[in-house]
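The file work_27.txt contains compact mmCIF, C-alpha atoms and all ligand atoms:
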# COMPACT_ATOMS: atom_id res chain seq x y z
CA MET A 1 47.92 -30.33 102.44
CA SER A 2 49.14 -28.47 99.35
CA ARG A 3 51.92 -30.12 97.35
CA GLU A 4 55.55 -29.10 97.81
CA LEU A 5 57.10 -26.64 95.39
CA SER A 6 59.39 -27.93 92.68
CA LEU A 7 62.90 -26.53 92.28
CA ALA A 8 61.78 -24.89 89.03
CA GLU A 9 59.05 -23.04 90.93
CA ILE A 10 61.52 -21.89 93.58
CA PHE A 11 63.77 -20.49 90.84
CA GLN A 12 60.79 -18.86 89.16
CA MET A 13 59.95 -16.99 92.37
CA GLY A 14 63.49 -15.62 92.47
CA TYR A 15 63.26 -14.26 88.93
CA TYR A 16 62.03 -10.73 89.56
CA TRP A 17 63.33 -9.80 86.11
CA GLU A 18 59.95 -9.63 84.39
CA ALA A 19 58.58 -7.35 87.12
CA LYS A 20 61.39 -4.84 86.64
CA ILE A 21 61.12 -5.04 82.83
CA LEU A 22 57.41 -4.15 83.03
CA LEU A 23 57.92 -1.40 85.63
CA THR A 24 60.75 0.23 83.67
CA ALA A 25 58.82 0.09 80.38
CA THR A 26 55.87 1.76 82.12
CA LYS A 27 58.10 4.38 83.75
CA LEU A 28 59.62 5.19 80.35
CA ASP A 29 56.06 5.30 78.97
CA LEU A 30 56.92 2.99 76.07
CA PHE A 31 53.29 1.94 75.72
CA SER A 32 52.08 5.51 75.15
CA ALA A 33 54.93 5.97 72.67
CA LEU A 34 53.69 2.94 70.72
CA GLU A 35 50.07 4.01 70.81
CA GLY A 36 48.43 3.59 67.41
CA ARG A 37 51.73 2.82 65.64
CA ALA A 38 54.20 0.02 64.98
CA GLU A 39 57.84 0.97 65.27
CA SER A 40 61.30 -0.60 65.02
CA ALA A 41 63.62 -0.61 68.03
CA SER A 42 65.95 1.86 66.33
CA ALA A 43 63.17 4.36 65.47
CA LEU A 44 61.71 4.15 68.96
CA ALA A 45 65.16 4.50 70.57
CA ALA A 46 65.85 7.62 68.49
CA ARG A 47 62.49 9.15 69.33
CA LEU A 48 62.81 8.48 73.09
CA HIS A 49 66.56 9.20 73.29
CA LEU A 50 67.34 5.68 74.52
CA ASN A 51 70.15 3.26 73.71
CA GLU A 52 69.07 1.17 70.71
CA ARG A 53 70.69 -2.13 71.75
CA ALA A 54 69.39 -1.95 75.33
CA LEU A 55 65.89 -0.96 74.21
CA SER A 56 65.81 -3.74 71.62
CA LEU A 57 66.49 -6.35 74.34
CA LEU A 58 63.74 -4.93 76.54
CA LEU A 59 61.22 -4.81 73.67
CA HIS A 60 61.88 -8.44 72.74
CA ALA A 61 61.39 -9.49 76.37
CA LEU A 62 58.09 -7.57 76.45
CA VAL A 63 56.98 -9.50 73.35
CA ALA A 64 57.83 -12.78 75.10
CA MET A 65 55.87 -11.53 78.11
CA ARG A 66 52.86 -10.97 75.77
CA ILE A 67 52.67 -7.25 76.48
CA LEU A 68 53.94 -6.22 73.05
CA THR A 69 53.73 -7.92 69.65
CA LYS A 70 56.41 -7.97 66.94
CA GLN A 71 55.78 -8.19 63.21
CA ASN A 72 58.09 -7.43 60.32
CA GLY A 73 60.71 -6.06 62.70
CA LYS A 74 58.29 -3.59 64.29
CA PHE A 75 56.80 -3.55 67.77
CA PHE A 76 53.26 -2.61 68.75
CA ASN A 77 50.99 -2.75 71.79
CA THR A 78 48.81 -5.77 72.51
CA GLY A 79 45.18 -4.93 73.32
CA VAL A 80 45.77 -5.11 77.07
CA ALA A 81 48.83 -2.82 76.86
CA GLN A 82 46.87 -0.32 74.79
CA LYS A 83 43.91 -0.41 77.21
CA HIS A 84 45.75 -0.25 80.53
CA LEU A 85 49.29 1.01 79.91
CA ALA A 86 48.89 3.78 77.32
CA LYS A 87 48.33 7.09 79.13
CA THR A 88 45.56 8.41 76.89
CA SER A 89 43.36 5.42 77.69
CA SER A 90 40.56 6.09 80.20
CA GLU A 91 41.52 2.73 81.77
CA TYR A 92 45.21 3.55 82.30
CA VAL A 93 46.66 1.95 85.47
CA GLY A 94 50.35 2.68 84.91
CA HIS A 95 50.53 5.15 87.82
CA LEU A 96 50.31 2.23 90.25
CA LEU A 97 53.18 0.44 88.48
CA ILE A 98 55.21 3.67 88.49
CA LEU A 99 54.68 3.84 92.26
CA HIS A 100 56.01 0.28 92.57
CA ASP A 101 59.01 1.23 90.44
CA SER A 102 59.74 4.20 92.71
CA GLU A 103 59.65 1.83 95.72
CA TRP A 104 62.29 -0.46 94.18
CA LYS A 105 65.07 1.14 96.24
CA ASN A 106 63.14 0.48 99.47
CA TRP A 107 62.82 -3.20 98.57
CA GLY A 108 66.60 -3.13 98.00
CA GLN A 109 66.94 -2.39 101.72
CA LEU A 110 64.88 -5.36 102.88
CA GLU A 111 67.96 -7.14 104.24
CA GLU A 112 68.96 -4.11 106.37
CA THR A 113 65.35 -3.77 107.53
CA LEU A 114 65.38 -7.39 108.66
CA GLN A 115 68.62 -6.79 110.55
CA THR A 116 67.57 -3.55 112.24
CA GLY A 117 63.78 -3.68 112.24
CA ILE A 118 63.90 -0.11 110.97
CA SER A 119 62.11 0.74 107.74
CA PRO A 120 64.03 2.77 105.12
CA VAL A 121 61.17 5.31 105.02
CA ARG A 122 59.73 7.67 107.61
CA GLN A 123 56.51 8.66 105.80
CA HIS A 124 54.21 7.09 103.21
CA VAL A 125 53.82 8.23 99.61
CA PHE A 126 50.75 10.43 100.26
CA GLU A 127 52.93 12.50 102.60
CA THR A 128 56.24 12.47 100.69
CA ASN A 129 55.07 12.74 97.10
CA PRO A 130 51.51 14.16 96.85
CA ASP A 131 51.66 14.26 93.05
CA MET A 132 52.45 10.56 92.81
CA GLY A 133 49.89 9.88 95.56
CA ALA A 134 47.29 11.78 93.53
CA ASN A 135 48.11 9.76 90.40
CA VAL A 136 47.83 6.52 92.35
CA LEU A 137 44.45 7.61 93.73
CA THR A 138 43.13 8.03 90.18
CA VAL A 139 43.95 4.35 89.57
CA LEU A 140 42.55 3.23 92.94
CA ASP A 141 39.40 5.19 92.12
CA ARG A 142 39.11 3.49 88.72
CA ILE A 143 39.54 -0.01 90.08
CA GLY A 144 37.51 0.69 93.26
CA ARG A 145 34.36 2.13 91.68
CA GLY A 146 32.58 -1.22 91.40
CA SER A 147 33.35 -2.15 94.99
CA GLY A 148 32.19 1.32 96.21
CA VAL A 149 28.78 0.72 94.60
CA ASN A 150 28.55 -2.79 96.04
CA LEU A 151 29.51 -1.53 99.50
CA ALA A 152 26.91 1.24 99.26
CA LYS A 153 24.17 -1.28 98.43
CA SER A 154 25.20 -3.84 101.04
CA LEU A 155 25.33 -1.30 103.93
CA ARG A 156 21.66 -0.29 103.56
CA LEU A 157 22.00 3.38 104.50
CA ASP A 158 18.35 4.40 104.15
CA GLY A 159 18.20 5.67 107.75
CA SER A 160 21.57 7.45 107.63
CA GLU A 161 21.99 11.18 107.00
CA HIS A 162 25.70 11.91 107.19
CA VAL A 163 28.71 9.69 106.49
CA ILE A 164 32.41 10.45 106.96
CA ASP A 165 35.03 8.69 104.86
CA VAL A 166 38.22 8.86 106.95
CA GLY A 167 41.18 8.95 104.54
CA GLY A 168 38.59 8.95 101.79
CA GLY A 169 41.09 9.49 98.95
CA ALA A 170 39.52 10.38 95.61
CA GLY A 171 36.05 10.22 97.16
CA THR A 172 35.25 6.87 95.52
CA ASN A 173 33.09 5.62 98.39
CA ALA A 174 31.50 9.01 99.20
CA ILE A 175 30.44 9.44 95.56
CA ALA A 176 29.10 5.87 95.30
CA PHE A 177 27.19 6.24 98.58
CA CYS A 178 25.63 9.61 97.63
CA ARG A 179 24.60 8.29 94.22
CA GLU A 180 22.95 5.27 95.79
CA TYR A 181 21.16 7.24 98.56
CA PRO A 182 19.84 10.62 97.31
CA HIS A 183 19.16 11.91 100.86
CA LEU A 184 22.73 11.23 102.10
CA ARG A 185 25.46 13.82 102.80
CA ALA A 186 29.13 12.87 103.01
CA THR A 187 32.36 14.32 104.37
CA VAL A 188 35.68 13.20 102.93
CA PHE A 189 38.44 13.70 105.49
CA ASP A 190 41.97 13.52 104.05
CA LEU A 191 45.32 15.28 103.80
CA PRO A 192 44.98 18.75 102.18
CA GLN A 193 47.14 17.80 99.18
CA THR A 194 45.05 14.68 98.50
CA LEU A 195 41.79 16.64 98.65
CA GLN A 196 42.81 18.55 95.51
CA VAL A 197 42.16 15.32 93.57
CA THR A 198 39.00 14.60 95.55
CA GLU A 199 37.61 18.03 94.71
CA ARG A 200 38.03 17.34 91.00
CA TYR A 201 36.21 14.00 91.17
CA ILE A 202 33.36 15.41 93.24
CA LYS A 203 32.87 18.25 90.77
CA GLU A 204 32.85 15.76 87.88
CA ALA A 205 30.18 13.78 89.75
CA GLY A 206 28.16 17.00 90.32
CA LEU A 207 28.00 16.31 94.07
CA GLU A 208 29.62 19.50 95.46
CA ASP A 209 26.45 20.40 97.36
CA ARG A 210 26.33 17.04 99.19
CA ILE A 211 29.98 16.11 99.72
CA THR A 212 32.14 18.28 101.99
CA LEU A 213 35.91 18.14 102.04
CA LYS A 214 37.60 18.28 105.44
CA PRO A 215 41.38 18.66 105.29
CA GLY A 216 43.60 17.42 108.10
CA ASN A 217 45.55 14.61 109.68
CA PHE A 218 43.09 12.03 110.96
CA ASN A 219 45.41 11.06 113.82
CA THR A 220 45.76 14.57 115.22
CA ASP A 221 42.88 16.73 113.97
CA ALA A 222 39.20 16.77 114.92
CA LEU A 223 36.92 14.91 112.53
CA GLY A 224 33.75 16.99 112.96
CA GLY A 225 30.38 15.30 113.07
CA PRO A 226 28.69 13.55 114.76
CA TYR A 227 28.08 11.11 111.91
CA ASP A 228 25.75 8.17 111.32
CA LEU A 229 28.44 6.17 109.59
CA ALA A 230 32.23 6.31 109.42
CA VAL A 231 34.17 4.44 106.73
CA MET A 232 37.89 3.66 106.98
CA SER A 233 39.00 2.04 103.73
CA ASP A 234 42.58 1.02 103.01
CA ILE A 235 44.18 3.25 105.62
CA LEU A 236 44.87 0.84 108.50
CA HIS A 237 47.85 -0.87 106.83
CA TYR A 238 49.79 2.43 106.65
CA GLN A 239 49.89 2.68 110.44
CA GLY A 240 50.96 0.79 113.55
CA HIS A 241 48.72 -1.16 115.91
CA GLN A 242 48.49 1.49 118.66
CA THR A 243 47.82 4.33 116.21
CA ASN A 244 44.96 2.38 114.64
CA ALA A 245 43.48 1.50 118.02
CA ALA A 246 43.58 5.21 118.96
CA LEU A 247 42.00 6.22 115.64
CA VAL A 248 39.14 3.75 116.13
CA ARG A 249 38.53 5.23 119.62
CA LYS A 250 38.53 8.71 118.13
CA VAL A 251 36.07 7.76 115.39
CA PHE A 252 33.81 6.22 118.05
CA ALA A 253 33.63 9.65 119.74
CA HIS A 254 32.61 11.32 116.45
CA LEU A 255 29.66 8.98 115.79
CA LYS A 256 26.05 9.47 116.85
CA SER A 257 24.45 6.95 119.20
CA ASN A 258 23.51 3.92 117.06
CA GLY A 259 26.05 5.07 114.48
CA ARG A 260 28.43 2.56 112.96
CA LEU A 261 31.99 2.14 111.78
CA VAL A 262 32.91 0.12 108.71
CA MET A 263 36.57 -0.77 108.16
CA LYS A 264 37.80 -2.20 104.87
CA ASP A 265 41.34 -3.45 104.42
CA ARG A 266 43.50 -6.44 103.50
CA PHE A 267 43.10 -8.53 106.64
CA LEU A 268 45.00 -11.73 107.45
CA ASP A 269 43.71 -15.06 108.68
CA PRO A 270 44.45 -15.87 112.35
CA ASN A 271 47.64 -17.85 111.52
CA ARG A 272 48.89 -14.90 109.37
CA THR A 273 49.90 -17.22 106.48
CA SER A 274 46.99 -16.41 104.18
CA PRO A 275 45.68 -14.91 101.95
CA ALA A 276 49.00 -15.37 100.11
CA TRP A 277 48.86 -11.93 98.39
CA THR A 278 48.36 -10.21 101.73
CA THR A 279 51.32 -12.00 103.35
CA ALA A 280 53.63 -10.62 100.63
CA PHE A 281 51.91 -7.23 100.90
CA THR A 282 52.91 -7.09 104.59
CA VAL A 283 56.58 -7.27 103.54
CA HIS A 284 55.92 -4.54 100.96
CA ILE A 285 54.38 -2.44 103.74
CA LEU A 286 57.36 -3.24 106.01
CA VAL A 287 59.82 -1.50 103.67
CA ASN A 288 57.50 1.21 102.34
CA THR A 289 55.95 2.62 105.53
CA GLU A 290 57.50 3.56 108.85
CA CYS A 291 55.42 1.20 110.97
CA GLY A 292 52.53 -0.07 108.83
CA ASP A 293 51.36 -3.68 108.89
CA CYS A 294 48.53 -5.94 107.83
CA TYR A 295 46.30 -7.10 110.67
CA THR A 296 44.12 -10.10 111.33
CA THR A 297 40.39 -9.56 111.12
CA GLN A 298 40.23 -10.30 114.85
CA GLU A 299 42.76 -7.56 115.66
CA ALA A 300 40.65 -5.01 113.76
CA MET A 301 37.52 -6.21 115.53
CA ASP A 302 39.30 -6.00 118.91
CA TRP A 303 40.10 -2.30 118.29
CA MET A 304 36.37 -1.77 117.82
CA ILE A 305 35.33 -3.78 120.89
CA GLN A 306 37.92 -2.00 123.07
CA ALA A 307 36.66 1.38 121.80
CA GLY A 308 33.11 0.51 122.90
CA PHE A 309 31.52 -0.75 119.67
CA GLU A 310 28.95 -3.54 119.92
CA SER A 311 27.68 -6.15 117.45
CA VAL A 312 31.15 -6.21 115.89
CA THR A 313 31.06 -8.53 112.87
CA GLU A 314 32.96 -9.50 109.76
CA LEU A 315 30.80 -8.43 106.79
CA GLU A 316 33.13 -9.83 104.14
CA PRO A 317 35.85 -12.38 104.96
CA ARG A 318 39.29 -10.77 105.40
CA ALA A 319 38.00 -7.52 103.87
CA ILE A 320 35.24 -5.68 105.78
CA VAL A 321 34.35 -5.44 109.48
CA GLN A 322 31.59 -3.42 111.12
CA GLY A 323 30.72 -2.27 114.65
CA MET A 324 27.78 -0.33 116.11
CA LYS A 325 28.01 2.46 118.67
CA PRO A 326 25.50 1.72 121.44
CA GLY A 327 22.41 3.92 121.65
CA ALA A 328 21.82 6.43 124.46
CA ILE A 329 20.23 4.81 127.51
C1 LIG B 401 45.23 3.94 99.91
S1 LIG B 401 44.45 5.47 100.04
C2 LIG B 401 42.79 4.93 100.34
C3 LIG B 401 41.78 5.90 99.78
C4 LIG B 401 40.33 5.47 99.93
N1 LIG B 401 39.94 5.35 101.32
C5 LIG B 401 40.05 4.19 99.17
O1 LIG B 401 39.74 3.17 99.79
O2 LIG B 401 40.15 4.21 97.93
C6 LIG B 401 44.92 6.10 101.62
C7 LIG B 401 44.38 7.48 101.88
O3 LIG B 401 44.64 7.85 103.22
C8 LIG B 401 45.04 9.21 103.24
N2 LIG B 401 45.84 9.41 104.46
C9 LIG B 401 46.94 8.74 104.84
N3 LIG B 401 47.37 9.19 106.04
C10 LIG B 401 46.51 10.17 106.41
C11 LIG B 401 46.41 10.99 107.58
N4 LIG B 401 47.30 10.88 108.58
N5 LIG B 401 45.39 11.87 107.65
C12 LIG B 401 44.48 11.97 106.64
N6 LIG B 401 44.52 11.20 105.53
C13 LIG B 401 45.53 10.31 105.42
C14 LIG B 401 45.84 9.37 101.97
O4 LIG B 401 45.97 10.74 101.58
C15 LIG B 401 45.01 8.56 101.00
O5 LIG B 401 44.00 9.31 100.39

I'd like the structure from this file rewritten - as structure tokens, please.
Amino acid sequence: MSRELSLAEIFQMGYYWEAKILLTATKLDLFSALEGRAESASALAARLHLNERALSLLLHALVAMRILTKQNGKFFNTGVAQKHLAKTSSEYVGHLLILHDSEWKNWGQLEETLQTGISPVRQHVFETNPDMGANVLTVLDRIGRGSGVNLAKSLRLDGSEHVIDVGGGAGTNAIAFCREYPHLRATVFDLPQTLQVTERYIKEAGLEDRITLKPGNFNTDALGGPYDLAVMSDILHYQGHQTNAALVRKVFAHLKSNGRLVMKDRFLDPNRTSPAWTTAFTVHILVNTECGDCYTTQEAMDWMIQAGFESVTELEPRAIVQGMKPGAI
């Protein structure tokens, strides 16, 4: 049994102030403005056309939050701010925080959503704001590269010829898989606007001759194939239960006999109260997608079993499940 929360901890949870301070500073691109220089609040306010008093309060809070440093009345980036929050850095992740900032108004409608059950949005960000979606994909690609390589190694694809990444985003997995297995070809299926980013990454990787882009809506358009392996990574939580079950059935039909499906997502434990991050993420998904959700590992595996997959197993707890399409008799 974990210990009960203290009152101080309850209050701390209610203080969303630091989150909004960080998101607003990132949106205003303060960290790029302070790149390689130390500046006073008044100089920075003049340069960015902001109110000096208001900016000064925000900057001091960012120092207390250990994102900025202050010396001799001037503010400058800490190492972590310079590395991850200044736009010129190759390890910039601010686009993800800017997405969260843009979703602030949806969170503001949580109470109405709880009363009506109706989300404030009708479509997800990749549909409504392809430019922001593209920026977010660059961050997801950056933080997902390591896991793409690990997934490629763990799946042992020596006997596979052709893989499809359904909702493959920036091509992170397709690129990692093709680098790991020189004989492999890949198809990245995604919305046409997203594939503009994918094309850039595939060119940079020099894999244009082995990775094909297939534009479309994976719920309504044909996927091509048949394939030896289908990957569905971080797409299930944008959609409702029935839509996912139908997509898994559709993918089954586009696989070769003995082909397999690998699904990677943020899955919940059977009692739906852990992992803690995922339980909060479900509420985020509630107000930021029309009917998305996070699912238990068993629910994801049931979609596979009902579609006809065999040997359905959890490859990584609450993260990756796999099923095999039976061979021809
Ligand atoms: C969170 S990203 C995941 C990208 C990638 N699979 C990964 O794991 O990094 C979700 C992706 O699904 C794509 N997507 C969402 N709905 C789609 C649909 N109906 N048809 C095709 N692609 C879709 C988005 O464009 C985006 O690239």

Selection: 10 Å around Tyr238 of chain A, only C-alpha atoms, excl. self and same-chain fewer than 4 positions, as a ChimeraX atom specification: /A:123-125,234,243-244,285-286,288-294

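The contact shell of ligand LIG 401 (chain B), defined as all polymer residues within 7 Å when all atoms listed in the file are used, comprises Phe126, Leu137, Leu140, Asp141, Gly144, Asp165, Val166, Gly167, Gly168, Gly169, Ala170, Gly171, Thr172, Phe189, Asp190, Leu191, Thr194, Gly216, Asn217, Phe218, Asn219, Met232, Ser233, Asp234 and Ile235 of chain A.
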
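Between atom CA of Val287 of chain A and atom CA of Asp221 of chain A there is a distance of 26.9 Å.
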
Interatomic distance, atom CA of Asn271 of chain A to atom CA of Asn150 of chain A (Å, one decimal): 28.8 Å

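Checking A:Val139, A:Asp158, A:Thr296, A:Ile305 one by one against Thr273 of chain A, counting all atoms listed in the file, you find the shortest gap at A:Thr296.
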
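Closest approach to Ala33 of chain A among A:Arg3, A:Gly240, A:Asn77, A:Ser90 is made by A:Asn77 (distances from all atoms listed in the file).
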
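Note that the spacing between atom CA of Glu316 of chain A and atom CA of Cys178 of chain A amounts to 21.8 Å.
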
Within 9 Å of Gln193 of chain A using only C-alpha atoms, minus same-chain residues under 6 positions, as a ChimeraX atom specification: /A:126-127,130-131,134,215

Give me the residues near Ala54 of chain A as an MDAnalysis selection string, where near means some atom within 12 Å (using all atoms listed in the file) and where sequence neighbours in that chain fewer than 2 positions away do not count. chainID A and resid 21 25 41:42 44:45 49:52 56:61

Neighbouring residues of His162 of chain A were defined as those with any atom within 9 Å, considering only C-alpha atoms; residues of the same chain fewer than 4 positions away were excluded. Please report them as a PDB file with C-alpha atoms, in the frame of the given file.
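Final output, saved to around08.pdb:
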ATOM      1  CA  LEU A 184      22.730  11.230 102.100  1.00  0.00           C
ATOM      2  CA  ARG A 185      25.460  13.820 102.800  1.00  0.00           C
ATOM      3  CA  ALA A 186      29.130  12.870 103.010  1.00  0.00           C
ATOM      4  CA  THR A 187      32.360  14.320 104.370  1.00  0.00           C
ATOM      5  CA  GLY A 225      30.380  15.300 113.070  1.00  0.00           C
ATOM      6  CA  PRO A 226      28.690  13.550 114.760  1.00  0.00           C
ATOM      7  CA  TYR A 227      28.080  11.110 111.910  1.00  0.00           C
ATOM      8  CA  ASP A 228      25.750   8.170 111.320  1.00  0.00           C
ATOM      9  CA  LEU A 229      28.440   6.170 109.590  1.00  0.00           C
ATOM     10  CA  ALA A 230      32.230   6.310 109.420  1.00  0.00           C
TER      11      ALA A 230
END

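When only C-alpha atoms are used to compute distances to Glu161 of chain A, the closest of the residues A:Leu223, A:Leu97, A:Leu255, A:Leu236 turns out to be A:Leu255.
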
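With only C-alpha atoms as the atoms that count, the minimum distance from Ala19 of chain A to the choices A:His100, A:His84, A:Val197, A:Ser32 is reached by A:His100.
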
Near-Gly146 of chain A list (12 Å; only C-alpha atoms; drop same-chain fewer than 3 positions) as a PDB file with C-alpha atoms, keeping the file's coordinate frame:
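Now in selection.pdb:
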ATOM      1  CA  LEU A 140      42.550   3.230  92.940  1.00  0.00           C
ATOM      2  CA  ASP A 141      39.400   5.190  92.120  1.00  0.00           C
ATOM      3  CA  ARG A 142      39.110   3.490  88.720  1.00  0.00           C
ATOM      4  CA  ILE A 143      39.540  -0.010  90.080  1.00  0.00           C
ATOM      5  CA  VAL A 149      28.780   0.720  94.600  1.00  0.00           C
ATOM      6  CA  ASN A 150      28.550  -2.790  96.040  1.00  0.00           C
ATOM      7  CA  LEU A 151      29.510  -1.530  99.500  1.00  0.00           C
ATOM      8  CA  ALA A 152      26.910   1.240  99.260  1.00  0.00           C
ATOM      9  CA  LYS A 153      24.170  -1.280  98.430  1.00  0.00           C
ATOM     10  CA  THR A 172      35.250   6.870  95.520  1.00  0.00           C
ATOM     11  CA  ASN A 173      33.090   5.620  98.390  1.00  0.00           C
ATOM     12  CA  ILE A 175      30.440   9.440  95.560  1.00  0.00           C
ATOM     13  CA  ALA A 176      29.100   5.870  95.300  1.00  0.00           C
ATOM     14  CA  PHE A 177      27.190   6.240  98.580  1.00  0.00           C
TER      15      PHE A 177
END

Kindly provide, as AutoDock Vina command-line options, the centre and edge lengths (Å, one decimal) of an axis-aligned box around all atoms of segment 298-301 of chain A given in the file, with 6 Å on each side.
--center_x 40.1 --center_y -7.7 --center_z 114.7 --size_x 17.2 --size_y 17.3 --size_z 13.9

Rank A:Pro326, A:Gly224, A:Pro182, A:Gly36 by their smallest atom-to-atom distance to Gly308 of chain A, using only C-alpha atoms, and report the top residue only. A:Pro326

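The nearest approach to Val188 of chain A among the residues A:Ile164, A:Val248, A:Ile98, A:Ala222, with all atoms listed in the file taken into account, belongs to A:Ile164.
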
Subset file: segment 178-191 of chain A, N, CA, C and O atoms, as a PDB file, in the first residue's frame:
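Saved file selection_4.pdb follows:
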ATOM      1  N   CYS A 178      15.142  -0.377 -41.898  1.00  0.00           N
ATOM      2  CA  CYS A 178      15.903  -0.563 -43.145  1.00  0.00           C
ATOM      3  C   CYS A 178      17.406  -0.459 -42.906  1.00  0.00           C
ATOM      4  O   CYS A 178      18.197  -1.117 -43.590  1.00  0.00           O
ATOM      5  N   ARG A 179      17.795   0.357 -41.937  1.00  0.00           N
ATOM      6  CA  ARG A 179      19.237   0.432 -41.624  1.00  0.00           C
ATOM      7  C   ARG A 179      19.715  -0.864 -40.995  1.00  0.00           C
ATOM      8  O   ARG A 179      20.823  -1.326 -41.270  1.00  0.00           O
ATOM      9  N   GLU A 180      18.869  -1.453 -40.167  1.00  0.00           N
ATOM     10  CA  GLU A 180      19.266  -2.670 -39.451  1.00  0.00           C
ATOM     11  C   GLU A 180      19.273  -3.892 -40.380  1.00  0.00           C
ATOM     12  O   GLU A 180      20.081  -4.799 -40.213  1.00  0.00           O
ATOM     13  N   TYR A 181      18.342  -3.899 -41.373  1.00  0.00           N
ATOM     14  CA  TYR A 181      18.210  -5.070 -42.255  1.00  0.00           C
ATOM     15  C   TYR A 181      18.361  -4.614 -43.713  1.00  0.00           C
ATOM     16  O   TYR A 181      17.382  -4.140 -44.319  1.00  0.00           O
ATOM     17  N   PRO A 182      19.534  -4.758 -44.293  1.00  0.00           N
ATOM     18  CA  PRO A 182      19.829  -4.189 -45.620  1.00  0.00           C
ATOM     19  C   PRO A 182      18.971  -4.751 -46.749  1.00  0.00           C
ATOM     20  O   PRO A 182      18.870  -4.126 -47.796  1.00  0.00           O
ATOM     21  N   HIS A 183      18.322  -5.910 -46.533  1.00  0.00           N
ATOM     22  CA  HIS A 183      17.492  -6.497 -47.594  1.00  0.00           C
ATOM     23  C   HIS A 183      16.052  -5.985 -47.537  1.00  0.00           C
ATOM     24  O   HIS A 183      15.262  -6.237 -48.444  1.00  0.00           O
ATOM     25  N   LEU A 184      15.685  -5.274 -46.468  1.00  0.00           N
ATOM     26  CA  LEU A 184      14.281  -4.939 -46.191  1.00  0.00           C
ATOM     27  C   LEU A 184      13.800  -3.735 -47.002  1.00  0.00           C
ATOM     28  O   LEU A 184      14.555  -2.787 -47.244  1.00  0.00           O
ATOM     29  N   ARG A 185      12.512  -3.789 -47.439  1.00  0.00           N
ATOM     30  CA  ARG A 185      11.850  -2.617 -48.029  1.00  0.00           C
ATOM     31  C   ARG A 185      10.733  -2.191 -47.077  1.00  0.00           C
ATOM     32  O   ARG A 185      10.163  -3.048 -46.378  1.00  0.00           O
ATOM     33  N   ALA A 186      10.418  -0.904 -47.084  1.00  0.00           N
ATOM     34  CA  ALA A 186       9.371  -0.422 -46.171  1.00  0.00           C
ATOM     35  C   ALA A 186       8.423   0.515 -46.898  1.00  0.00           C
ATOM     36  O   ALA A 186       8.804   1.180 -47.863  1.00  0.00           O
ATOM     37  N   THR A 187       7.165   0.514 -46.421  1.00  0.00           N
ATOM     38  CA  THR A 187       6.176   1.487 -46.890  1.00  0.00           C
ATOM     39  C   THR A 187       5.706   2.266 -45.669  1.00  0.00           C
ATOM     40  O   THR A 187       5.339   1.664 -44.657  1.00  0.00           O
ATOM     41  N   VAL A 188       5.751   3.593 -45.773  1.00  0.00           N
ATOM     42  CA  VAL A 188       5.197   4.416 -44.700  1.00  0.00           C
ATOM     43  C   VAL A 188       3.845   4.926 -45.187  1.00  0.00           C
ATOM     44  O   VAL A 188       3.762   5.637 -46.183  1.00  0.00           O
ATOM     45  N   PHE A 189       2.792   4.507 -44.491  1.00  0.00           N
ATOM     46  CA  PHE A 189       1.431   4.944 -44.842  1.00  0.00           C
ATOM     47  C   PHE A 189       1.043   6.041 -43.859  1.00  0.00           C
ATOM     48  O   PHE A 189       1.075   5.849 -42.644  1.00  0.00           O
ATOM     49  N   ASP A 190       0.653   7.213 -44.392  1.00  0.00           N
ATOM     50  CA  ASP A 190       0.262   8.315 -43.488  1.00  0.00           C
ATOM     51  C   ASP A 190      -0.535   9.340 -44.280  1.00  0.00           C
ATOM     52  O   ASP A 190      -0.680   9.234 -45.510  1.00  0.00           O
ATOM     53  N   LEU A 191      -1.049  10.329 -43.573  1.00  0.00           N
ATOM     54  CA  LEU A 191      -1.803  11.408 -44.217  1.00  0.00           C
ATOM     55  C   LEU A 191      -0.873  12.149 -45.185  1.00  0.00           C
ATOM     56  O   LEU A 191       0.327  12.300 -44.895  1.00  0.00           O
TER      57      LEU A 191
END
